[in-house]
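Participant: Sharing coords_33.txt, compact mmCIF, C-alpha atoms:
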```txt
# COMPACT_ATOMS: atom_id res chain seq x y z
CA MET A 194 -35.70 165.78 63.11
CA SER A 195 -35.23 168.61 60.64
CA VAL A 196 -36.57 168.61 57.11
CA ARG A 197 -33.97 169.94 54.72
CA LEU A 198 -34.05 171.67 51.38
CA GLY A 199 -30.67 170.67 50.01
CA VAL A 200 -28.41 172.66 47.74
CA ALA A 201 -29.11 170.31 44.85
CA ALA A 202 -32.78 171.20 44.96
CA LEU A 203 -31.94 174.88 44.90
CA LEU A 204 -30.00 174.45 41.68
CA LEU A 205 -32.99 173.03 39.85
CA GLY A 206 -34.69 176.40 39.77
CA LEU A 207 -37.45 178.18 41.63
CA PRO A 208 -40.27 175.60 41.26
CA ALA A 209 -38.05 172.85 42.64
CA LEU A 210 -37.09 174.99 45.59
CA PHE A 211 -40.37 174.47 47.31
CA ALA A 212 -41.16 170.86 46.50
CA PRO A 213 -38.64 168.61 48.32
CA GLY A 214 -39.02 168.29 52.06
CA TRP A 215 -41.66 170.92 52.64
CA ALA A 216 -44.25 169.22 50.42
CA GLN A 217 -43.91 166.09 52.55
CA LEU A 218 -44.87 167.84 55.77
CA ALA A 219 -48.09 166.70 57.36
CA PRO A 220 -50.61 169.42 58.19
CA SER A 221 -50.24 170.98 61.61
CA PRO A 222 -51.67 168.64 64.25
CA ASP A 223 -53.15 171.58 66.13
CA ALA A 224 -56.22 173.42 64.94
CA PRO A 225 -55.21 176.70 63.29
CA PRO A 226 -55.92 179.86 65.22
CA VAL A 227 -59.41 181.23 64.71
CA SER A 228 -60.27 184.91 64.89
CA THR A 229 -62.04 186.06 68.04
CA ALA A 230 -63.45 189.16 66.32
CA PRO A 231 -67.23 189.57 66.75
CA ALA A 232 -69.34 187.53 64.36
CA PRO A 233 -70.88 189.51 61.47
CA ALA A 234 -74.55 190.26 61.40
CA ASP A 235 -76.96 187.75 59.82
CA ASP A 236 -77.05 189.63 56.54
CA GLU A 237 -73.26 189.47 56.41
CA GLN A 238 -72.85 185.74 57.04
CA SER A 239 -72.09 185.09 53.37
CA VAL A 240 -69.01 187.32 53.59
CA ALA A 241 -65.97 185.22 54.52
CA THR A 242 -62.65 186.53 55.73
CA PHE A 243 -60.03 187.88 53.33
CA LYS A 244 -57.92 184.81 54.15
CA LEU A 245 -60.60 182.75 52.36
CA GLN A 246 -60.13 185.07 49.39
CA VAL A 247 -63.49 186.77 49.59
CA ASN A 248 -63.61 190.51 50.04
CA LEU A 249 -63.39 191.14 53.77
CA VAL A 250 -59.99 192.58 54.64
CA ASP A 251 -58.53 192.27 58.15
CA VAL A 252 -55.95 194.92 59.02
CA PHE A 253 -53.80 194.25 62.10
CA PHE A 254 -51.93 197.22 63.55
CA THR A 255 -50.42 198.71 66.67
CA VAL A 256 -50.50 202.33 67.79
CA LYS A 257 -47.91 204.25 69.81
CA ASP A 258 -48.03 207.76 71.24
CA LYS A 259 -45.38 210.41 70.66
CA GLY A 260 -43.38 208.97 73.53
CA GLY A 261 -43.23 205.55 71.89
CA ASN A 262 -45.65 203.95 74.34
CA LEU A 263 -48.26 201.47 73.13
CA VAL A 264 -51.83 202.81 73.10
CA PRO A 265 -54.23 200.01 74.14
CA HIS A 266 -57.70 201.54 74.47
CA LEU A 267 -58.72 203.03 71.13
CA THR A 268 -62.19 202.53 69.65
CA LYS A 269 -63.67 202.35 66.17
CA ASP A 270 -64.33 206.09 66.29
CA ASP A 271 -60.65 206.85 66.92
CA CYS A 272 -59.20 205.35 63.74
CA ASN A 273 -59.73 205.48 59.98
CA VAL A 274 -58.55 202.90 57.44
CA LEU A 275 -57.68 204.07 53.94
CA GLU A 276 -57.20 201.84 50.92
CA ASP A 277 -55.43 203.57 48.03
CA LYS A 278 -56.15 206.83 49.93
CA GLU A 279 -59.92 206.15 49.98
CA PRO A 280 -61.56 205.94 53.45
CA GLN A 281 -63.19 202.57 54.12
CA LYS A 282 -66.30 201.76 56.17
CA LEU A 283 -65.31 199.50 59.05
CA LYS A 284 -67.43 196.46 59.86
CA ASN A 285 -65.47 195.39 62.94
CA PHE A 286 -62.86 197.01 65.17
CA VAL A 287 -61.43 195.02 68.06
CA ALA A 288 -58.46 195.22 70.41
CA GLU A 289 -56.88 191.79 69.93
CA THR A 290 -55.04 191.24 73.20
CA ASN A 291 -55.89 187.55 73.46
CA GLN A 292 -56.54 186.39 69.91
CA PRO A 293 -54.57 183.24 69.04
CA LEU A 294 -51.18 183.88 67.50
CA THR A 295 -49.33 181.97 64.79
CA LEU A 296 -45.60 182.55 65.05
CA GLY A 297 -42.60 181.55 62.96
CA ILE A 298 -39.03 181.83 64.29
CA LEU A 299 -36.41 182.01 61.49
CA LEU A 300 -32.90 181.44 62.80
CA ASP A 301 -29.79 182.41 60.82
CA THR A 302 -27.24 179.61 61.25
CA SER A 303 -24.69 180.80 58.70
CA GLY A 304 -21.03 181.12 59.69
CA SER A 305 -21.25 184.81 60.60
CA GLN A 306 -23.61 183.93 63.48
CA GLU A 307 -21.36 181.39 65.18
CA ARG A 308 -20.53 183.50 68.24
CA VAL A 309 -24.05 184.89 68.76
CA LEU A 310 -26.04 181.67 68.22
CA PRO A 311 -25.82 180.55 71.88
CA LEU A 312 -27.22 183.92 72.96
CA GLU A 313 -30.08 183.62 70.47
CA GLN A 314 -30.87 180.13 71.71
CA GLN A 315 -30.97 181.18 75.35
CA VAL A 316 -33.04 184.34 74.98
CA GLY A 317 -35.23 182.91 72.21
CA SER A 318 -36.20 179.96 74.39
CA GLN A 319 -37.16 182.30 77.23
CA PHE A 320 -39.29 184.35 74.84
CA LEU A 321 -41.17 181.27 73.62
CA GLU A 322 -41.84 180.17 77.19
CA ARG A 323 -43.43 183.57 77.90
CA ILE A 324 -45.39 184.26 74.76
CA LEU A 325 -47.04 180.95 73.85
CA ARG A 326 -50.54 180.54 75.23
CA GLN A 327 -52.96 177.64 74.99
CA LYS A 328 -54.29 178.37 71.50
CA ASP A 329 -51.07 179.70 69.99
CA GLU A 330 -48.83 177.86 67.55
CA ALA A 331 -45.24 178.32 66.46
CA PHE A 332 -42.69 176.70 64.18
CA LEU A 333 -38.91 177.02 63.92
CA LEU A 334 -36.67 176.92 60.88
CA SER A 335 -33.01 177.66 60.30
CA PHE A 336 -31.36 179.00 57.19
CA ASP A 337 -27.78 178.91 55.98
CA VAL A 338 -26.68 177.00 52.86
CA ASN A 339 -29.98 175.13 53.33
CA VAL A 340 -33.41 175.94 54.71
CA ASP A 341 -34.27 173.44 57.47
CA LEU A 342 -37.57 173.03 59.31
CA LEU A 343 -36.35 172.26 62.83
CA GLN A 344 -39.79 172.08 64.45
CA ASP A 345 -43.20 172.07 62.81
CA PHE A 346 -46.21 173.84 64.30
CA THR A 347 -46.62 173.12 67.99
CA ASN A 348 -47.98 174.75 71.11
CA SER A 349 -45.12 173.33 73.16
CA ALA A 350 -42.45 175.85 74.12
CA ARG A 351 -40.40 172.92 75.40
CA GLN A 352 -40.32 171.26 71.96
CA LEU A 353 -39.44 174.53 70.27
CA SER A 354 -36.68 175.27 72.78
CA HIS A 355 -35.28 171.77 72.35
CA ALA A 356 -35.18 172.22 68.58
CA MET A 357 -33.63 175.68 68.89
CA ASN A 358 -30.91 174.43 71.22
CA LYS A 359 -30.00 171.70 68.71
CA ALA A 360 -29.47 174.23 65.89
CA GLU A 361 -25.90 174.31 64.59
CA ILE A 362 -23.87 176.61 62.41
CA ASN A 363 -23.64 175.23 58.87
CA THR A 364 -21.26 176.52 56.21
CA ALA A 365 -21.34 173.28 54.17
CA GLY A 366 -17.88 172.68 55.50
CA GLY A 367 -18.42 170.85 58.78
CA ASN A 368 -20.69 172.97 60.99
CA GLY A 369 -18.40 175.94 60.85
CA ALA A 370 -15.16 173.98 61.12
CA ALA A 371 -14.20 174.52 57.50
CA GLY A 372 -15.15 176.44 54.42
CA ILE A 373 -15.91 180.13 54.29
CA PRO A 374 -18.39 181.13 57.03
CA GLY A 375 -21.59 182.47 55.52
CA ALA A 376 -20.35 181.97 51.98
CA GLY A 377 -21.14 178.33 51.38
CA GLY A 378 -17.61 176.99 51.68
CA GLY A 379 -16.89 173.33 51.19
CA THR A 380 -17.35 170.90 48.35
CA ILE A 381 -20.90 171.40 47.12
CA PRO A 382 -22.47 171.67 43.68
CA SER A 383 -22.71 175.30 42.63
CA ILE A 384 -23.69 177.44 39.69
CA GLY A 385 -22.52 181.02 39.65
CA ALA A 386 -22.27 182.63 43.06
CA PRO A 387 -21.71 180.31 46.01
CA LYS A 388 -24.73 179.42 48.12
CA GLY A 389 -24.35 180.96 51.54
CA THR A 390 -27.22 182.46 53.53
CA LEU A 391 -30.63 181.73 52.00
CA LEU A 392 -32.47 184.41 53.95
CA TYR A 393 -34.93 185.52 51.26
CA ASP A 394 -35.67 181.90 50.32
CA ALA A 395 -36.40 181.15 53.97
CA VAL A 396 -38.93 183.99 54.27
CA TYR A 397 -40.55 183.00 50.97
CA LEU A 398 -40.85 179.37 52.06
CA ALA A 399 -42.13 180.19 55.52
CA ALA A 400 -44.80 182.48 54.09
CA ASN A 401 -45.98 180.19 51.30
CA GLU A 402 -45.56 176.77 52.88
CA LYS A 403 -46.32 177.45 56.54
CA MET A 404 -48.24 180.71 56.99
CA THR A 405 -50.56 180.97 54.01
CA GLN A 406 -53.08 178.42 55.32
CA GLU A 407 -53.21 179.89 58.82
CA THR A 408 -55.76 182.46 59.95
CA GLY A 409 -55.80 185.29 62.46
CA ARG A 410 -52.69 187.02 63.79
CA LYS A 411 -49.47 185.88 62.16
CA ALA A 412 -45.89 187.01 62.61
CA MET A 413 -42.37 185.90 61.74
CA ILE A 414 -39.33 186.80 63.82
CA LEU A 415 -36.01 186.74 61.96
CA LEU A 416 -32.80 186.47 63.98
CA THR A 417 -30.13 187.44 61.47
CA ASP A 418 -27.43 189.88 60.45
CA GLY A 419 -29.53 190.62 57.36
CA GLU A 420 -27.02 189.32 54.82
CA ASP A 421 -28.44 187.18 51.98
CA GLN A 422 -26.17 185.15 49.73
CA GLY A 423 -27.43 182.79 47.06
CA SER A 424 -31.22 182.89 47.44
CA ARG A 425 -33.21 181.94 44.36
CA VAL A 426 -35.84 184.58 45.08
CA LYS A 427 -35.23 188.29 45.42
CA ILE A 428 -36.14 190.41 48.40
CA GLY A 429 -39.21 191.82 46.64
CA GLU A 430 -40.56 188.31 46.07
CA SER A 431 -40.06 187.35 49.71
CA ILE A 432 -41.81 190.54 50.87
CA SER A 433 -44.70 189.90 48.47
CA ALA A 434 -45.04 186.34 49.79
CA ALA A 435 -45.29 187.66 53.34
CA GLN A 436 -47.84 190.28 52.29
CA ARG A 437 -49.96 187.70 50.46
CA SER A 438 -49.93 185.54 53.58
CA ASN A 439 -50.85 188.56 55.76
CA VAL A 440 -47.89 187.98 58.05
CA LEU A 441 -45.89 190.62 59.93
CA VAL A 442 -42.12 190.28 59.75
CA TYR A 443 -40.06 191.37 62.75
CA VAL A 444 -36.30 191.46 62.23
CA ILE A 445 -33.93 191.28 65.17
CA LEU A 446 -30.66 192.38 63.63
CA ILE A 447 -27.99 190.54 65.56
CA ALA A 448 -24.37 190.03 64.56
CA ASP A 449 -20.89 189.39 65.81
CA ARG A 450 -19.39 192.60 64.48
CA GLY A 451 -15.90 191.20 64.93
CA PHE A 452 -16.72 188.82 62.09
CA TYR A 453 -17.00 191.84 59.81
CA GLY A 454 -13.62 193.27 60.74
CA GLY A 455 -14.29 195.29 63.85
CA PHE A 456 -17.04 196.92 65.91
CA ASN A 457 -17.14 200.10 63.84
CA MET A 458 -17.29 198.34 60.51
CA GLY A 459 -20.76 196.98 61.08
CA TYR A 460 -22.73 194.85 58.67
CA TYR A 461 -24.69 195.53 55.52
CA GLY A 462 -28.14 193.97 55.80
CA TYR A 463 -29.77 196.86 57.62
CA SER A 464 -31.55 198.62 54.74
CA ALA A 465 -32.90 195.40 53.21
CA MET A 466 -34.21 194.17 56.55
CA LYS A 467 -35.74 197.55 57.39
CA LYS A 468 -37.60 197.43 54.07
CA MET A 469 -38.87 193.90 54.70
CA ALA A 470 -40.07 194.70 58.21
CA GLU A 471 -41.77 197.99 57.41
CA GLU A 472 -43.54 196.81 54.26
CA THR A 473 -45.09 193.87 56.10
CA GLY A 474 -46.15 195.85 59.17
CA GLY A 475 -43.40 194.61 61.46
CA ARG A 476 -40.31 196.37 62.75
CA LEU A 477 -36.52 196.13 62.70
CA ILE A 478 -34.64 196.14 66.02
CA ASP A 479 -30.85 196.34 65.95
CA VAL A 480 -29.30 194.65 68.99
CA GLY A 481 -25.71 194.13 67.80
CA ASN A 482 -24.41 191.31 69.99
CA ASN A 483 -25.77 192.72 73.26
CA GLY A 484 -27.71 190.22 75.36
CA LYS A 485 -29.70 192.85 77.26
CA LYS A 486 -30.75 194.50 74.02
CA LEU A 487 -31.81 191.12 72.64
CA GLU A 488 -33.95 190.47 75.70
CA ALA A 489 -35.50 193.93 75.34
CA ALA A 490 -36.18 193.33 71.64
CA PHE A 491 -38.11 190.13 72.34
CA GLN A 492 -40.06 191.91 75.08
CA GLN A 493 -40.99 194.75 72.72
CA ILE A 494 -42.21 192.28 70.09
CA GLU A 495 -44.23 190.39 72.69
CA ASP A 496 -45.85 193.61 73.93
CA GLU A 497 -46.72 194.72 70.41
CA LEU A 498 -48.21 191.37 69.41
CA ARG A 499 -50.35 191.40 72.55
CA THR A 500 -51.51 195.01 72.03
CA GLN A 501 -52.84 194.88 68.50
CA TYR A 502 -56.03 196.08 66.89
CA VAL A 503 -57.83 194.47 63.99
CA ALA A 504 -60.05 196.53 61.71
CA SER A 505 -62.17 194.69 59.14
CA TYR A 506 -63.85 196.16 56.09
CA THR A 507 -65.23 195.30 52.67
CA PRO A 508 -63.20 197.34 50.15
CA SER A 509 -64.97 200.05 48.21
CA ASN A 510 -62.98 198.74 45.23
CA SER A 511 -64.55 195.29 44.96
CA LYS A 512 -62.43 194.04 42.06
CA LEU A 513 -60.38 190.94 42.89
CA ASP A 514 -57.88 191.61 40.13
CA GLY A 515 -54.67 190.64 41.91
CA THR A 516 -53.44 194.21 42.16
CA PHE A 517 -51.63 195.61 45.19
CA ARG A 518 -53.79 197.89 47.34
CA HIS A 519 -51.99 200.38 49.57
CA LEU A 520 -53.15 200.59 53.17
CA ALA A 521 -52.92 203.36 55.73
CA VAL A 522 -54.40 203.72 59.20
CA GLU A 523 -54.85 207.08 60.88
CA CYS A 524 -55.69 207.39 64.58
CA ARG A 525 -56.71 210.54 66.38
CA GLY A 526 -54.42 211.91 69.05
CA ASP A 527 -51.33 214.01 69.43
CA GLY A 528 -48.36 212.33 67.76
CA MET A 529 -50.03 208.94 67.25
CA LYS A 530 -47.91 206.61 65.13
CA VAL A 531 -49.44 203.51 63.52
CA GLN A 532 -47.47 200.37 62.66
CA VAL A 533 -49.27 198.55 59.84
CA ARG A 534 -48.44 196.61 56.68
CA LYS A 535 -48.10 198.72 53.54
CA GLY A 536 -50.86 196.91 51.68
CA TYR A 537 -52.28 193.64 50.37
CA PHE A 538 -52.94 191.86 47.11
CA ALA A 539 -56.59 191.70 46.02
CA THR A 540 -56.28 188.09 44.96
CA PRO A 541 -59.16 186.42 43.10
CA PRO A 542 -60.62 183.20 44.57
CA SER A 543 -58.74 180.00 43.77
CA ASN A 544 -60.47 176.85 42.61
```
Could you rewrite the structure in this file as structure tokens?
Facilitator:
Amino acid sequence: MSVRLGVAALLLGLPALFAPGWAQLAPSPDAPPVSTAPAPADDEQSVATFKLQVNLVDVFFTVKDKGGNLVPHLTKDDCNVLEDKEPQKLKNFVAETNQPLTLGILLDTSGSQERVLPLEQQVGSQFLERILRQKDEAFLLSFDVNVDLLQDFTNSARQLSHAMNKAEINTAGGNGAAGIPGAGGGTIPSIGAPKGTLLYDAVYLAANEKMTQETGRKAMILLTDGEDQGSRVKIGESISAAQRSNVLVYVILIADRGFYGGFNMGYYGYSAMKKMAEETGGRLIDVGNNGKKLEAAFQQIEDELRTQYVASYTPSNSKLDGTFRHLAVECRGDGMKVQVRKGYFATPPSN
């Protein structure tokens, strides 16, 4: 059964957006993923992970050569991590091929996706069957005029596939049968612009309500045309939420171009989604409405998530002042390209 954030809640303002429904969710029944990075030395045992808001920062990244191929066998001596352009002394450096993964699938069920949703359900289910291992977890939510949690954290690809296959297009006008697709048609309370595709709200909620308490490798996969209509938060706020939760955002840009007036007309969410993906260390993959390209996109994401490195360090700037620290990773080799989040917030400990 899905847990819904209704339109009425959205109209009450930002604080109310995150209370109904999501606050009632029980904690995940499965133990959260735990890092498999080597344990620190005895004199470092008092240093917790950055996720616990002490000053050890974990940086997850992938490396590709000039031909676009993943590079799986680098060592600590091959890469440098810079924070605000200052080189950092690494405490740990590990290739994380088998570390548990926490995954969120965010499915656009607005009217513009009506003719591509079956394709997403088929290929997405196959992806989940392949990628989930014993210690992994995933959840599924949909977003349209509402944000619905279709399946809470589980290790079961079968449960996730079942929930995904039950997803329906919702335009607030009868599951796509009435109203304006993607524009919140139908008789609903509204203030100002109609509520249509709450993409940014969905990312914000997933980061703050589902991902922030998880540890280790975390990623969201958005299946969307990139169009947001009616979100209470702005794109910058949703990106910041993902960065604070240390979660990569992959965007599979998928759309029925006929909905937008013809194949050559295209759609307009590309630049916003590219910004969201790149600033969180993920990637945007444009598949149009091509099934083979969608399959390839999921395979690329799977390969990247299974060929990651994690570098851990204690920042030379030890202030936990809430400021944004810019990250960069440089790896030796001809044409090496690193995919990494743009930075993190040095958040002080919470009580």
Participant: May I ask for the distance between atom CA of Gly297 of chain A and atom CA of Gln532 of chain A, given in Å to one decimal place?
Facilitator: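 So the two atoms, atom CA of Gly297 of chain A and atom CA of Gln532 of chain A, lie 19.4 Å apart.
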Participant: Find the residues around Pro311 of chain A up to 10 Å (all atoms listed in the file counted), leave out those fewer than 6 positions away in its own chain, and share them as a list in words.
Facilitator: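 Selected residues are Gly317, Met357, Asn358, Ala360 and Glu361 of chain A.
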Participant: Please work out which residues fall within 12 Å of (-58.5, 187.3, 75.2), coordinates as given in the file, with all atoms listed in the file counting, and return them as a list in words.
Facilitator: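 The answer, in the requested form, is Ser228, Thr229, Ala230, Val287, Ala288, Glu289, Thr290, Asn291, Gln292, Pro293, Leu294, Arg326, Gln327, Lys328, Asp329, Arg499, Thr500 and Gln501 of chain A.
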Participant: My list of candidates is A:Gly515, A:Gly409, A:Gly528, A:Gly474. Which is closest to Gly261 of chain A when distances are computed with all atoms listed in the file?
Facilitator: A:Gly528
Participant: Report, in Å with one decimal, the straight-line distance from atom CA of Ile432 of chain A to atom CA of Phe254 of chain A.
Facilitator: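 Calculated distance between atom CA of Ile432 of chain A and atom CA of Phe254 of chain A is 17.5 Å.
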Participant: For Ile445 of chain A, list every protein, DNA or RNA residue within 7 Å, evaluated using all atoms listed in the file, and leave out those in the same chain fewer than 5 positions away; present the list as an NGL selection string.
Facilitator: :A and (415-417 or 477-480)
Participant: Residues near segment 298-305 of chain A, anyone? I mean within 8 Å using only C-alpha atoms, not counting same-chain ones fewer than 2 positions away, as a PyMOL selection string.
Facilitator: chain A and resi 296+307-308+310+331-338+360-364+369+373-376+389-390+392+395-396+413-418+448-449+452
Participant: If we count all atoms listed in the file and set the cut-off at 6 Å, which residues sit around Met529 of chain A, ignoring sequence neighbours fewer than 3 positions away in its own chain? Please answer as a list of chain:residue names.
Facilitator: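 The filter keeps A:Lys257, A:Asp258, A:Lys259, A:Gly526.
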Participant: Separation of atom CA of Leu275 of chain A and atom CA of Asn401 of chain A, in Å?
Facilitator: 26.7 Å
Participant: Can you work out which one of A:Pro280, A:Gly481, A:Gly429, A:Pro508 has the shortest atom-to-atom distance to Val309 of chain A, counting only C-alpha atoms?
Facilitator: A:Gly481
Participant: So which one's closest to Leu391 of chain A, A:Ser505, A:Asn339, A:Leu249, A:Gln352? Using only C-alpha atoms, please.
Facilitator: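 Closest candidate: A:Asn339.
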Participant: Measuring atom to atom with all atoms listed in the file, identify which of A:Thr405, A:Thr507, A:Ser431, A:Thr540 is nearest to Val274 of chain A.
Facilitator: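 Looking only at the distances to Val274 of chain A, the closest residue turns out to be A:Thr507.
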Participant: For each of A:Ala490, A:Leu498, A:Ala435, A:Ala356, take the minimum atom-to-atom distance to Arg410 of chain A, counting all atoms listed in the file, then give the residue where this is smallest.
Facilitator: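 Of the candidates, the smallest distance to Arg410 of chain A is held by A:Leu498.
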Participant: As JSON, what would the box around segment 287-293 of chain A look like: edges along x, y and z, 8 Å added on every side, centre and edge lengths in Å to one decimal?
Facilitator:
```
{"center_x": -58.0, "center_y": 189.2, "center_z": 70.8, "size_x": 22.9, "size_y": 28.0, "size_z": 21.4}
```
Participant: Which is closest to Tyr502 of chain A among A:Asn262, A:Asp341, A:Met404, A:Asn285, if we use all atoms listed in the file?
Facilitator: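 Of the candidates, the smallest distance to Tyr502 of chain A is held by A:Asn285.
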